[in-house]
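Peer 1: The following file, coords_28.txt, comprises compact mmCIF, C-alpha atoms (C1' of nucleotides):
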```txt
# COMPACT_ATOMS: atom_id res chain seq x y z
CA MET F 8 282.34 279.19 106.05
CA THR F 9 285.81 280.00 104.82
CA MET F 10 286.97 283.32 103.49
CA VAL F 11 287.45 281.99 99.98
CA ASP F 12 284.45 279.73 99.65
CA GLY F 13 282.49 282.38 97.83
CA GLU F 14 282.05 281.98 94.12
CA ARG F 15 282.27 285.74 93.71
CA PRO F 16 284.13 288.36 95.73
CA PRO F 17 282.20 290.69 98.07
CA GLN F 18 280.66 293.28 95.80
CA GLN F 19 281.57 296.35 97.86
CA LEU F 20 285.22 295.30 98.01
CA ALA F 21 285.66 294.17 94.42
CA GLN F 22 286.20 297.78 93.38
CA TYR F 23 289.63 297.62 95.03
CA SER F 24 292.14 296.00 92.68
CA GLY F 25 294.30 295.04 95.61
CA PHE F 26 291.41 293.22 97.25
CA LEU F 27 290.49 291.51 94.01
CA LEU F 28 294.10 290.45 93.52
CA ASN F 29 294.14 288.89 96.97
CA TRP F 30 290.78 287.25 96.51
CA VAL F 31 291.76 285.59 93.23
CA ALA F 32 295.11 284.59 94.70
CA ALA F 33 293.55 283.08 97.83
CA ARG F 34 291.11 281.06 95.78
CA SER F 35 293.84 279.70 93.53
CA ARG F 36 296.04 278.90 96.53
CA LEU F 37 293.25 276.97 98.21
CA ARG F 38 292.52 274.98 95.09
CA PHE F 39 296.15 274.16 94.53
CA ALA F 40 296.64 273.08 98.14
CA THR F 41 293.56 270.86 97.90
CA ALA F 42 294.83 269.25 94.70
CA LEU F 43 298.34 268.78 96.11
CA ALA F 44 296.89 267.09 99.19
CA GLU F 45 295.54 264.34 96.95
CA ILE F 46 299.12 263.39 96.10
CA ASP F 47 300.20 263.81 99.75
CA LEU F 48 302.08 267.01 99.17
CA HIS F 49 301.88 270.32 101.01
CA PRO F 50 302.51 273.59 99.15
CA ARG F 51 305.60 274.19 101.29
CA GLU F 52 306.92 270.76 100.42
CA PHE F 53 306.31 271.37 96.73
CA ALA F 54 308.17 274.67 96.99
CA ALA F 55 311.13 272.99 98.69
CA LEU F 56 311.22 270.19 96.11
CA ASN F 57 311.43 272.76 93.32
CA ILE F 58 314.33 274.62 94.87
CA VAL F 59 316.31 271.53 95.86
CA ALA F 60 315.86 270.08 92.38
CA ALA F 61 317.37 273.24 90.90
CA LYS F 62 320.18 273.44 93.46
CA PRO F 63 320.93 270.01 94.94
CA GLY F 64 323.12 270.00 98.03
CA LEU F 65 321.99 273.34 99.45
CA THR F 66 322.34 273.74 103.21
CA GLN F 67 319.17 274.37 105.20
CA HIS F 68 320.00 278.03 105.66
CA GLU F 69 320.61 278.40 101.95
CA LEU F 70 317.37 276.59 101.16
CA ALA F 71 315.43 278.74 103.62
CA ALA F 72 316.88 281.89 102.05
CA ALA F 73 316.06 280.67 98.54
CA ALA F 74 312.48 279.89 99.58
CA GLU F 75 312.24 283.17 101.54
CA ILE F 76 311.06 281.45 104.69
CA ASP F 77 312.57 281.27 108.15
CA ALA F 78 315.09 278.49 108.80
CA SER F 79 313.04 277.31 111.78
CA THR F 80 309.96 277.02 109.57
CA LEU F 81 311.88 274.83 107.17
CA VAL F 82 312.61 272.17 109.78
CA ALA F 83 309.11 270.66 109.83
CA THR F 84 308.92 270.75 106.04
CA LEU F 85 312.14 268.78 105.72
CA ASP F 86 311.02 266.41 108.47
CA ALA F 87 307.92 265.63 106.43
CA LEU F 88 309.84 265.24 103.17
CA GLU F 89 312.28 262.86 104.84
CA GLN F 90 309.52 260.86 106.49
CA HIS F 91 307.90 260.36 103.11
CA GLY F 92 311.23 259.43 101.58
CA LEU F 93 311.27 262.41 99.21
CA ALA F 94 314.40 264.19 100.43
CA GLU F 95 317.51 263.55 102.53
CA ARG F 96 319.61 265.57 104.95
CA ARG F 97 323.28 264.63 104.55
CA VAL F 98 325.77 265.82 107.18
CA MET F 99 328.60 267.64 105.38
CA PRO F 100 332.01 266.19 106.35
CA GLN F 101 333.82 269.53 105.96
CA ASP F 102 331.46 271.19 108.47
CA ARG F 103 329.45 268.75 110.52
CA ARG F 104 326.98 271.45 111.58
CA LYS F 105 325.66 271.71 108.04
CA ARG F 106 323.34 269.34 106.20
CA ALA F 107 323.20 269.17 102.44
CA ILE F 108 319.69 268.61 101.14
CA HIS F 109 319.12 266.22 98.26
CA LEU F 110 316.07 264.73 96.57
CA THR F 111 315.52 260.99 96.38
CA PRO F 112 314.21 259.42 93.15
CA ALA F 113 310.80 259.35 94.86
CA GLY F 114 311.20 263.07 95.54
CA GLU F 115 311.88 263.75 91.87
CA ALA F 116 308.82 261.73 90.93
CA ALA F 117 306.72 263.69 93.43
CA LEU F 118 308.04 266.92 91.96
CA ARG F 119 306.97 265.80 88.49
CA ARG F 120 303.49 264.96 89.77
CA GLY F 121 303.28 268.34 91.49
CA ARG F 122 304.34 270.12 88.32
CA ALA F 123 301.70 268.32 86.28
CA LEU F 124 299.16 269.39 88.85
CA ALA F 125 300.36 272.99 88.76
CA LYS F 126 299.97 273.00 85.00
CA ARG F 127 296.45 271.61 85.23
CA LEU F 128 295.44 274.08 87.95
CA GLY F 129 297.00 276.94 86.02
CA ASP F 130 294.89 276.01 83.01
CA GLU F 131 291.84 275.97 85.25
CA LEU F 132 292.70 279.30 86.87
CA PHE F 133 293.04 280.98 83.49
CA GLY F 134 290.20 279.05 81.91
CA THR F 135 288.09 282.16 81.41
CA LEU F 136 290.85 283.94 79.50
CA SER F 137 291.89 283.51 75.89
CA ALA F 138 295.43 282.33 75.19
CA ASP F 139 296.38 285.89 74.32
CA GLU F 140 294.82 287.32 77.44
CA ARG F 141 296.59 284.75 79.59
CA ARG F 142 299.96 285.60 78.10
CA GLN F 143 299.23 289.29 78.63
CA PHE F 144 298.20 288.72 82.25
CA GLU F 145 301.27 286.65 83.02
CA LEU F 146 303.51 289.24 81.40
CA LEU F 147 301.99 292.03 83.53
CA LEU F 148 302.19 289.85 86.64
CA ARG F 149 305.92 289.43 86.07
CA LYS F 150 306.28 293.17 85.69
CA LEU F 151 304.46 293.69 88.98
CA ALA F 152 306.76 291.20 90.68
CA GLY F 153 309.84 292.80 89.14
CA VAL F 154 310.70 289.55 87.35
CA GLY F 155 312.07 289.10 83.85
CA MET K 20 312.33 287.03 108.20
CA THR K 21 308.80 287.11 106.85
CA MET K 22 307.54 285.30 103.82
CA VAL K 23 306.98 288.49 101.89
CA ASP K 24 309.98 290.54 102.93
CA GLY K 25 311.84 289.60 99.79
CA GLU K 26 312.18 292.22 97.12
CA ARG K 27 311.91 289.54 94.48
CA PRO K 28 310.08 286.21 94.50
CA PRO K 29 312.07 282.96 94.85
CA GLN K 30 313.51 282.36 91.40
CA GLN K 31 312.65 278.66 91.16
CA LEU K 32 309.02 279.33 92.05
CA ALA K 33 308.46 282.44 89.92
CA GLN K 34 307.86 280.21 86.90
CA TYR K 35 304.49 279.28 88.40
CA SER K 36 301.91 281.97 87.63
CA GLY K 37 299.85 280.87 90.61
CA PHE K 38 302.81 281.34 92.92
CA LEU K 39 303.63 284.71 91.41
CA LEU K 40 300.02 285.79 91.80
CA ASN K 41 300.11 284.89 95.47
CA TRP K 42 303.47 286.51 96.01
CA VAL K 43 302.40 289.82 94.50
CA ALA K 44 299.10 289.65 96.38
CA ALA K 45 300.79 288.91 99.72
CA ARG K 46 303.20 291.80 99.26
CA SER K 47 300.43 294.23 98.45
CA ARG K 48 298.33 292.99 101.37
CA LEU K 49 301.21 293.48 103.79
CA ARG K 50 301.87 296.99 102.53
CA PHE K 51 298.23 297.94 102.74
CA ALA K 52 297.89 296.55 106.26
CA THR K 53 300.98 298.47 107.33
CA ALA K 54 299.66 301.70 105.85
CA LEU K 55 296.20 301.18 107.37
CA ALA K 56 297.76 300.61 110.79
CA GLU K 57 299.10 304.16 110.67
CA ILE K 58 295.52 305.41 110.73
CA ASP K 59 294.56 302.82 113.37
CA LEU K 60 292.59 300.65 111.00
CA HIS K 61 292.78 296.92 110.41
CA PRO K 62 292.05 295.50 106.94
CA ARG K 63 289.01 293.68 108.34
CA GLU K 64 287.73 296.91 109.83
CA PHE K 65 288.21 298.71 106.53
CA ALA K 66 286.31 295.94 104.77
CA ALA K 67 283.43 296.20 107.23
CA LEU K 68 283.32 300.00 106.93
CA ASN K 69 282.96 299.69 103.17
CA ILE K 70 280.08 297.27 103.33
CA VAL K 71 278.20 299.06 106.08
CA ALA K 72 278.57 302.36 104.21
CA ALA K 73 276.96 300.77 101.17
CA LYS K 74 274.23 299.03 103.15
CA PRO K 75 273.58 300.84 106.43
CA GLY K 76 271.49 298.95 108.95
CA LEU K 77 272.59 295.44 107.97
CA THR K 78 272.34 292.82 110.69
CA GLN K 79 275.54 291.11 111.75
CA HIS K 80 274.66 287.94 109.88
CA GLU K 81 273.95 289.93 106.75
CA LEU K 82 277.19 291.83 107.14
CA ALA K 83 279.15 288.63 107.68
CA ALA K 84 277.59 287.11 104.57
CA ALA K 85 278.34 290.24 102.52
CA ALA K 86 281.96 290.20 103.69
CA GLU K 87 282.19 286.43 103.21
CA ILE K 88 283.47 285.84 106.71
CA ASP K 89 282.05 283.85 109.59
CA ALA K 90 279.62 285.65 111.91
CA SER K 91 281.79 284.75 114.90
CA THR K 92 284.80 286.33 113.22
CA LEU K 93 282.87 289.54 112.76
CA VAL K 94 282.27 290.04 116.48
CA ALA K 95 285.78 291.19 117.34
CA THR K 96 285.89 293.46 114.30
CA LEU K 97 282.68 295.20 115.37
CA ASP K 98 283.93 295.38 118.96
CA ALA K 99 287.00 297.25 117.74
CA LEU K 100 284.99 299.56 115.49
CA GLU K 101 282.64 300.39 118.35
CA GLN K 102 285.50 300.95 120.78
CA HIS K 103 287.03 303.42 118.37
CA GLY K 104 283.66 305.08 117.86
CA LEU K 105 283.51 304.22 114.16
CA ALA K 106 280.37 302.06 114.14
CA GLU K 107 277.36 301.25 116.29
CA ARG K 108 275.26 298.19 117.02
CA ARG K 109 271.61 299.15 117.40
CA VAL K 110 269.20 296.61 118.82
CA MET K 111 266.29 296.27 116.41
CA PRO K 112 262.93 296.82 118.17
CA GLN K 113 261.03 294.44 115.90
CA ASP K 114 263.41 291.59 116.77
CA ARG K 115 265.56 292.23 119.80
CA ARG K 116 267.98 289.46 118.89
CA LYS K 117 269.18 291.44 115.87
CA ARG K 118 271.50 294.43 115.79
CA ALA K 119 271.54 296.87 112.93
CA ILE K 120 275.03 298.12 112.14
CA HIS K 121 275.56 301.78 111.33
CA LEU K 122 278.59 303.99 110.82
CA THR K 123 279.21 307.05 112.95
CA PRO K 124 280.44 310.28 111.34
CA ALA K 125 283.90 309.29 112.61
CA GLY K 126 283.44 305.95 110.86
CA GLU K 127 282.64 307.67 107.59
CA ALA K 128 285.71 309.84 107.99
CA ALA K 129 287.84 306.78 108.68
CA LEU K 130 286.42 305.13 105.57
CA ARG K 131 287.40 308.16 103.49
CA ARG K 132 290.92 308.04 104.90
CA GLY K 133 291.14 304.33 104.16
CA ARG K 134 289.95 304.87 100.61
CA ALA K 135 292.54 307.56 100.02
CA LEU K 136 295.16 305.15 101.31
CA ALA K 137 293.88 302.37 99.06
CA LYS K 138 294.16 304.69 96.09
CA ARG K 139 297.70 305.66 97.02
CA LEU K 140 298.75 302.05 97.59
CA GLY K 141 297.08 300.98 94.34
CA ASP K 142 299.09 303.59 92.49
CA GLU K 143 302.22 302.29 94.18
CA LEU K 144 301.35 298.65 93.41
CA PHE K 145 300.88 299.42 89.73
CA GLY K 146 303.69 301.95 89.60
CA THR K 147 305.73 299.82 87.21
CA LEU K 148 302.89 299.59 84.69
CA SER K 149 301.73 302.16 82.16
CA ALA K 150 298.18 303.47 82.46
CA ASP K 151 297.17 301.20 79.60
CA GLU K 152 298.80 298.16 81.13
CA ARG K 153 297.16 298.85 84.46
CA ARG K 154 293.72 299.06 82.86
CA GLN K 155 294.41 295.85 80.99
CA PHE K 156 295.57 294.07 84.14
CA GLU K 157 292.55 295.18 86.14
CA LEU K 158 290.24 294.10 83.33
CA LEU K 159 291.78 290.63 83.23
CA LEU K 160 291.71 290.41 87.03
CA ARG K 161 287.97 291.04 86.95
CA LYS K 162 287.56 288.35 84.34
CA LEU K 163 289.48 285.92 86.56
CA ALA K 164 287.28 286.82 89.52
CA GLY K 165 284.13 286.45 87.44
CA VAL K 166 283.23 290.11 88.05
CA GLY K 167 281.72 292.54 85.63
C1' DT U 4 332.59 283.35 120.28
C1' DA U 5 329.89 282.51 116.11
C1' DT U 6 327.05 279.57 113.29
C1' DT U 7 323.88 275.51 112.04
C1' DG U 8 320.09 273.31 112.89
C1' DT U 9 316.50 272.39 116.38
C1' DT U 10 313.00 273.12 119.85
C1' DA U 11 309.89 275.76 122.61
C1' DT U 12 306.92 279.24 122.48
C1' DA U 13 303.91 282.93 121.22
C1' DC U 14 301.06 285.40 118.17
C1' DT U 15 297.72 286.01 114.31
C1' DC U 16 293.96 284.44 111.81
C1' DT U 17 289.85 282.13 111.43
C1' DA U 18 286.53 278.31 111.84
C1' DT U 19 283.50 275.12 114.90
C1' DA U 20 280.76 274.27 118.66
C1' DA U 21 278.57 275.48 122.83
C1' DC U 22 276.06 279.03 125.10
C1' DT U 23 272.39 283.17 125.97
C1' DA U 24 268.68 285.73 124.88
C1' DT U 25 265.16 286.26 122.28
C1' DA U 26 261.60 284.69 119.08
C1' DT D 19 262.42 274.71 118.66
C1' DA D 20 264.92 277.95 115.88
C1' DT D 21 267.73 282.02 115.21
C1' DA D 22 271.07 286.16 116.37
C1' DG D 23 274.85 287.18 118.50
C1' DT D 24 278.63 285.81 121.66
C1' DT D 25 282.25 283.15 123.81
C1' DA D 26 285.43 279.40 124.23
C1' DT D 27 288.39 276.78 121.89
C1' DA D 28 291.22 274.58 118.54
C1' DG D 29 294.00 274.34 114.44
C1' DA D 30 297.03 276.24 110.80
C1' DG D 31 300.74 279.08 109.86
C1' DT D 32 304.86 281.36 110.94
C1' DA D 33 308.11 284.20 113.57
C1' DT D 34 311.37 284.88 117.78
C1' DA D 35 314.32 283.31 121.19
C1' DA D 36 316.79 279.86 123.63
C1' DC D 37 319.47 275.70 123.07
C1' DA D 38 322.94 271.87 121.67
C1' DA D 39 326.50 270.62 118.63
C1' DT D 40 330.19 272.11 116.09
C1' DA D 41 333.39 275.34 114.32
```
Starting from the coordinates I provided, produce the structure as structure tokens.
Peer 2:
Amino acid sequence: MTMVDGERPPQQLAQYSGFLLNWVAARSRLRFATALAEIDLHPREFAALNIVAAKPGLTQHELAAAAEIDASTLVATLDALEQHGLAERRVMPQDRRKRAIHLTPAGEAALRRGRALAKRLGDELFGTLSADERRQFELLLRKLAGVG
Amino acid sequence: MTMVDGERPPQQLAQYSGFLLNWVAARSRLRFATALAEIDLHPREFAALNIVAAKPGLTQHELAAAAEIDASTLVATLDALEQHGLAERRVMPQDRRKRAIHLTPAGEAALRRGRALAKRLGDELFGTLSADERRQFELLLRKLAGVG
DNA sequence: TATTGTTATACTCTATAACTATA
DNA sequence: TATAGTTATAGAGTATAACAATA
């Protein structure tokens, strides 16, 4: 039994908005991870692909900071991406301690597949809301996150 | 560096509503856990207190099911609650394998403190929203969770 | 000396399976 | 045999600290 297997949140805890927020988030995270696994991608790898695509040539420290994870945590993620031929570490000639991270064409294709999946899962997540309600929810979510 | 230390979510990932949902949820969870720790309570303990208060005398299996956690996971939570004098296991005479879980007066007091904290943290979480927006967000959250 | 990336390690969380005591 | 609770254990996830290479 996993914590997010339930179809409905525990009744006595659902009164807490913070709990409900975490319950809905955990369920959506699990579903997304499950869907990503079908295309051999881990959520961390998908996150890294997104950031590297936006800023090719980042160093590992810069990538870790952009992803808000520890640099040591990033190592295994990049190992996996390289093993699957989705990204490359390139030693920088001007400072041979640093490695610039780039996507391969296969990495860009994987990113596109992941994005299509994210769109599909987003539609599923918000399936019970009207288009208006979804826009409203996403707007408020951005306010809560201090974004845009 | 923790995953949720950032003041703002990673820019390249904030476009995904699912990511944003998880980011906001993780931040609120961390803050709540930190606040609860100041009154010597763990989020799992607070969850158990809530359910037992609503349904005194539940068996451990029933409590685990109500909390949507595994029965084995519950053991340590109840151990901690008992050690702090907040809850009791009472062997049931009609079936000595079962233990009925009850709160102590101290447990009810701890629950009240936790609830006050949850209210305060909820107000902080939604501090950037108007009262109307907060109601709207909570309504949509319940729709997403399939509640009420 | 300081920094980059890496490795080793430890800690938290939680599930699975084996165990015990009762039924 | 089956069930309630417990214990042992294993896996995922992620941070901290020590390390090697380079500056």
Peer 1: Applying 10 Å and all atoms listed in the file, which residues near DA39 (chain D) remain after dropping the ones on its own chain fewer than 2 positions away? List them as JSON, numbers by chain.
Peer 2: {"F": [103, 104], "U": [7, 8], "D": [37, 41]}
Peer 1: May I have the selected residues written with C-alpha atoms (C1' of nucleotides), as a PDB file, in the coordinates of the input?
Peer 2:
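File produced: out38.pdb:
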```pdb
ATOM      1  CA  ARG F 103     329.450 268.750 110.520  1.00  0.00           C
ATOM      2  CA  ARG F 104     326.980 271.450 111.580  1.00  0.00           C
TER       3      ARG F 104
ATOM      4  C1'  DT U   7     323.880 275.510 112.040  1.00  0.00           C
ATOM      5  C1'  DG U   8     320.090 273.310 112.890  1.00  0.00           C
TER       6       DG U   8
ATOM      7  C1'  DC D  37     319.470 275.700 123.070  1.00  0.00           C
ATOM      8  C1'  DA D  41     333.390 275.340 114.320  1.00  0.00           C
TER       9       DA D  41
END
```
Peer 1: Give one line per residue of region 65-118 of chain K that approaches region 22-31 of chain D to at most 8 Å, naming the two atoms of the closest pair and their distance in Å to one decimal, counting all atoms listed in the file; sort by chain then ascending residue number and deliver it as a tab-separated table.
Peer 2:
```
residue	atom	partner	partner_atom	distance
K:Gln79	CA	D:DG23	C1'	7.8
K:His80	CA	D:DA22	C1'	7.6
K:Ser91	CA	D:DT24	C1'	7.5
K:Val94	CA	D:DT24	C1'	7.6
K:Arg116	CA	D:DA22	C1'	5.2
K:Lys117	CA	D:DA22	C1'	5.6
```
Peer 1: What does the file look like for those residues with C-alpha atoms, as a tab-separated table (two decimals), keeping the file's coordinate frame?
Peer 2:
```tsv
chain	number	residue	atom	x	y	z
K	79	GLN	CA	275.54	291.11	111.75
K	80	HIS	CA	274.66	287.94	109.88
K	91	SER	CA	281.79	284.75	114.90
K	94	VAL	CA	282.27	290.04	116.48
K	116	ARG	CA	267.98	289.46	118.89
K	117	LYS	CA	269.18	291.44	115.87
```
Peer 1: Using only C-alpha atoms, tabulate the residues of region 30-122 of chain K lying at most 7 Å from any atom of region 132-143 of chain K, each with its closest atom pair and that distance in Å to one decimal, by chain and increasing residue number, as a Markdown table.
Peer 2:
```
| residue | atom | partner | partner_atom | distance |
| --- | --- | --- | --- | --- |
| K:Phe51 | CA | K:Leu140 | CA | 6.6 |
| K:Leu55 | CA | K:Gly133 | CA | 6.8 |
| K:Phe65 | CA | K:Gly133 | CA | 6.8 |
```
Peer 1: For chain K, which residues have at least one atom within 12 Å of chain U, if we go by all atoms listed in the file? Write them as a PDB file with C-alpha atoms, in the frame of the given file, please.
Peer 2:
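The resulting file, out_4.pdb, is shown below:
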```pdb
ATOM      1  CA  ARG K  63     289.010 293.680 108.340  1.00  0.00           C
ATOM      2  CA  ILE K  88     283.470 285.840 106.710  1.00  0.00           C
ATOM      3  CA  ASP K  89     282.050 283.850 109.590  1.00  0.00           C
ATOM      4  CA  ALA K  90     279.620 285.650 111.910  1.00  0.00           C
ATOM      5  CA  SER K  91     281.790 284.750 114.900  1.00  0.00           C
ATOM      6  CA  THR K  92     284.800 286.330 113.220  1.00  0.00           C
ATOM      7  CA  LEU K  93     282.870 289.540 112.760  1.00  0.00           C
ATOM      8  CA  ALA K  95     285.780 291.190 117.340  1.00  0.00           C
ATOM      9  CA  VAL K 110     269.200 296.610 118.820  1.00  0.00           C
ATOM     10  CA  MET K 111     266.290 296.270 116.410  1.00  0.00           C
ATOM     11  CA  PRO K 112     262.930 296.820 118.170  1.00  0.00           C
ATOM     12  CA  GLN K 113     261.030 294.440 115.900  1.00  0.00           C
ATOM     13  CA  ASP K 114     263.410 291.590 116.770  1.00  0.00           C
ATOM     14  CA  ARG K 115     265.560 292.230 119.800  1.00  0.00           C
ATOM     15  CA  ARG K 116     267.980 289.460 118.890  1.00  0.00           C
ATOM     16  CA  LYS K 117     269.180 291.440 115.870  1.00  0.00           C
TER      17      LYS K 117
END
```
Peer 1: Just fit chain K onto chain F on all the Cα atoms, in order, by least squares, and give it as a short mmCIF file (atom, residue, chain, number, x, y, z; two decimals) with C-alpha atoms, in the frame of the given file.
Peer 2:
```
data_model
loop_
_atom_site.label_atom_id
_atom_site.label_comp_id
_atom_site.auth_asym_id
_atom_site.auth_seq_id
_atom_site.Cartn_x
_atom_site.Cartn_y
_atom_site.Cartn_z
CA MET K 20 282.33 279.16 106.02
CA THR K 21 285.81 279.99 104.80
CA MET K 22 286.98 283.30 103.49
CA VAL K 23 287.46 281.99 99.99
CA ASP K 24 284.48 279.68 99.64
CA GLY K 25 282.52 282.33 97.80
CA GLU K 26 282.07 281.91 94.10
CA ARG K 27 282.27 285.65 93.67
CA PRO K 28 284.12 288.29 95.68
CA PRO K 29 282.16 290.60 98.02
CA GLN K 30 280.61 293.18 95.72
CA GLN K 31 281.48 296.25 97.79
CA LEU K 32 285.14 295.23 97.97
CA ALA K 33 285.61 294.11 94.35
CA GLN K 34 286.12 297.73 93.34
CA TYR K 35 289.54 297.60 94.99
CA SER K 36 292.08 296.00 92.64
CA GLY K 37 294.24 295.06 95.60
CA PHE K 38 291.36 293.21 97.22
CA LEU K 39 290.47 291.48 93.98
CA LEU K 40 294.08 290.45 93.51
CA ASN K 41 294.12 288.89 96.95
CA TRP K 42 290.78 287.23 96.48
CA VAL K 43 291.77 285.57 93.22
CA ALA K 44 295.14 284.60 94.70
CA ALA K 45 293.57 283.10 97.83
CA ARG K 46 291.12 281.07 95.76
CA SER K 47 293.85 279.70 93.54
CA ARG K 48 296.05 278.91 96.54
CA LEU K 49 293.26 276.98 98.23
CA ARG K 50 292.53 274.99 95.09
CA PHE K 51 296.17 274.17 94.56
CA ALA K 52 296.64 273.10 98.18
CA THR K 53 293.57 270.88 97.93
CA ALA K 54 294.82 269.27 94.73
CA LEU K 55 298.34 268.79 96.14
CA ALA K 56 296.90 267.11 99.23
CA GLU K 57 295.53 264.37 96.99
CA ILE K 58 299.10 263.40 96.15
CA ASP K 59 300.17 263.83 99.80
CA LEU K 60 302.07 267.03 99.21
CA HIS K 61 301.88 270.33 101.05
CA PRO K 62 302.50 273.60 99.18
CA ARG K 63 305.60 274.21 101.31
CA GLU K 64 306.91 270.77 100.45
CA PHE K 65 306.31 271.39 96.76
CA ALA K 66 308.16 274.68 97.02
CA ALA K 67 311.12 273.01 98.71
CA LEU K 68 311.20 270.20 96.13
CA ASN K 69 311.43 272.77 93.35
CA ILE K 70 314.33 274.62 94.88
CA VAL K 71 316.29 271.55 95.88
CA ALA K 72 315.84 270.10 92.38
CA ALA K 73 317.36 273.25 90.93
CA LYS K 74 320.16 273.44 93.47
CA PRO K 75 320.91 270.01 94.91
CA GLY K 76 323.10 269.97 98.00
CA LEU K 77 321.99 273.32 99.43
CA THR K 78 322.35 273.71 103.17
CA GLN K 79 319.20 274.35 105.16
CA HIS K 80 320.03 278.01 105.62
CA GLU K 81 320.62 278.39 101.91
CA LEU K 82 317.39 276.60 101.14
CA ALA K 83 315.47 278.76 103.60
CA ALA K 84 316.93 281.89 102.05
CA ALA K 85 316.09 280.68 98.53
CA ALA K 86 312.51 279.93 99.58
CA GLU K 87 312.29 283.19 101.54
CA ILE K 88 311.13 281.48 104.69
CA ASP K 89 312.66 281.29 108.14
CA ALA K 90 315.16 278.48 108.78
CA SER K 91 313.10 277.31 111.75
CA THR K 92 310.02 277.06 109.55
CA LEU K 93 311.92 274.85 107.15
CA VAL K 94 312.64 272.17 109.75
CA ALA K 95 309.15 270.68 109.82
CA THR K 96 308.93 270.76 106.04
CA LEU K 97 312.16 268.79 105.71
CA ASP K 98 311.03 266.41 108.46
CA ALA K 99 307.91 265.64 106.44
CA LEU K 100 309.83 265.24 103.18
CA GLU K 101 312.27 262.86 104.85
CA GLN K 102 309.49 260.88 106.50
CA HIS K 103 307.86 260.40 103.13
CA GLY K 104 311.20 259.46 101.60
CA LEU K 105 311.23 262.42 99.21
CA ALA K 106 314.38 264.18 100.43
CA GLU K 107 317.47 263.54 102.53
CA ARG K 108 319.61 265.53 104.93
CA ARG K 109 323.27 264.60 104.52
CA VAL K 110 325.74 265.76 107.13
CA MET K 111 328.57 267.57 105.36
CA PRO K 112 331.98 266.10 106.30
CA GLN K 113 333.82 269.40 105.92
CA ASP K 114 331.49 271.07 108.44
CA ARG K 115 329.44 268.67 110.49
CA ARG K 116 327.01 271.37 111.56
CA LYS K 117 325.69 271.65 108.00
CA ARG K 118 323.35 269.31 106.17
CA ALA K 119 323.20 269.15 102.41
CA ILE K 120 319.68 268.60 101.13
CA HIS K 121 319.09 266.21 98.25
CA LEU K 122 316.04 264.74 96.58
CA THR K 123 315.47 261.01 96.39
CA PRO K 124 314.16 259.44 93.16
CA ALA K 125 310.76 259.38 94.88
CA GLY K 126 311.18 263.09 95.55
CA GLU K 127 311.85 263.77 91.89
CA ALA K 128 308.79 261.77 90.96
CA ALA K 129 306.70 263.71 93.46
CA LEU K 130 308.02 266.95 91.99
CA ARG K 131 306.95 265.84 88.51
CA ARG K 132 303.48 265.00 89.80
CA GLY K 133 303.26 268.38 91.52
CA ARG K 134 304.33 270.16 88.36
CA ALA K 135 301.70 268.36 86.31
CA LEU K 136 299.14 269.42 88.89
CA ALA K 137 300.36 273.02 88.80
CA LYS K 138 299.97 273.02 85.04
CA ARG K 139 296.45 271.63 85.28
CA LEU K 140 295.45 274.10 87.99
CA GLY K 141 297.01 276.97 86.04
CA ASP K 142 294.92 276.03 83.04
CA GLU K 143 291.86 275.96 85.27
CA LEU K 144 292.73 279.31 86.88
CA PHE K 145 293.07 280.98 83.50
CA GLY K 146 290.24 279.03 81.92
CA THR K 147 288.13 282.14 81.42
CA LEU K 148 290.89 283.92 79.49
CA SER K 149 291.94 283.48 75.88
CA ALA K 150 295.49 282.32 75.20
CA ASP K 151 296.42 285.89 74.32
CA GLU K 152 294.86 287.31 77.45
CA ARG K 153 296.61 284.74 79.59
CA ARG K 154 299.99 285.62 78.10
CA GLN K 155 299.26 289.29 78.63
CA PHE K 156 298.22 288.73 82.24
CA GLU K 157 301.30 286.67 83.03
CA LEU K 158 303.52 289.29 81.42
CA LEU K 159 302.00 292.06 83.53
CA LEU K 160 302.20 289.89 86.65
CA ARG K 161 305.93 289.50 86.08
CA LYS K 162 306.27 293.23 85.68
CA LEU K 163 304.44 293.75 88.98
CA ALA K 164 306.73 291.25 90.69
CA GLY K 165 309.81 292.87 89.18
CA VAL K 166 310.71 289.63 87.38
CA GLY K 167 312.12 289.23 83.93
#
```
Peer 1: Quick one: axis-aligned box around all listed atoms of region 26-35 of chain D, 8 Å on every side, centre and edge lengths in Å to one decimal, written as lines of an AutoDock Vina configuration file.
Peer 2:
```
center_x = 299.9
center_y = 279.6
center_z = 117.0
size_x = 44.9
size_y = 26.5
size_z = 30.4
```
Peer 1: My list of candidates is F:Ala117, F:Ala54, F:Leu48, F:Ala71. Which is closest to chain K when distances are computed with all atoms listed in the file?
Peer 2: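 Selected residue with least distance to chain K: F:Ala54.
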Peer 1: For the interface of chain K with chain F (cut-off 6 Å, counting only C-alpha atoms), please tabulate each contacting residue of chain K alongside its nearest pair of atoms and their separation in Å to one decimal, rows sorted by chain and increasing number, as a Markdown table.
Peer 2:
```
| residue | atom | partner | partner_atom | distance |
| --- | --- | --- | --- | --- |
| K:Met20 | CA | F:Asp77 | CA | 5.8 |
| K:Met22 | CA | F:Ile76 | CA | 5.3 |
| K:Pro29 | CA | F:Ala74 | CA | 5.7 |
| K:Gln31 | CA | F:Ile58 | CA | 5.7 |
| K:Leu40 | CA | F:Ala32 | CA | 5.8 |
| K:Asn41 | CA | F:Ala32 | CA | 5.1 |
| K:Val43 | CA | F:Ala152 | CA | 6.0 |
| K:Ala44 | CA | F:Asn29 | CA | 5.1 |
| K:Ile70 | CA | F:Gln19 | CA | 5.7 |
| K:Ala85 | CA | F:Pro17 | CA | 5.9 |
| K:Ala86 | CA | F:Pro17 | CA | 5.6 |
| K:Glu87 | CA | F:Met10 | CA | 5.7 |
| K:Ile88 | CA | F:Met10 | CA | 5.4 |
| K:Asp89 | CA | F:Met8 | CA | 5.9 |
| K:Ala164 | CA | F:Val31 | CA | 5.9 |
```
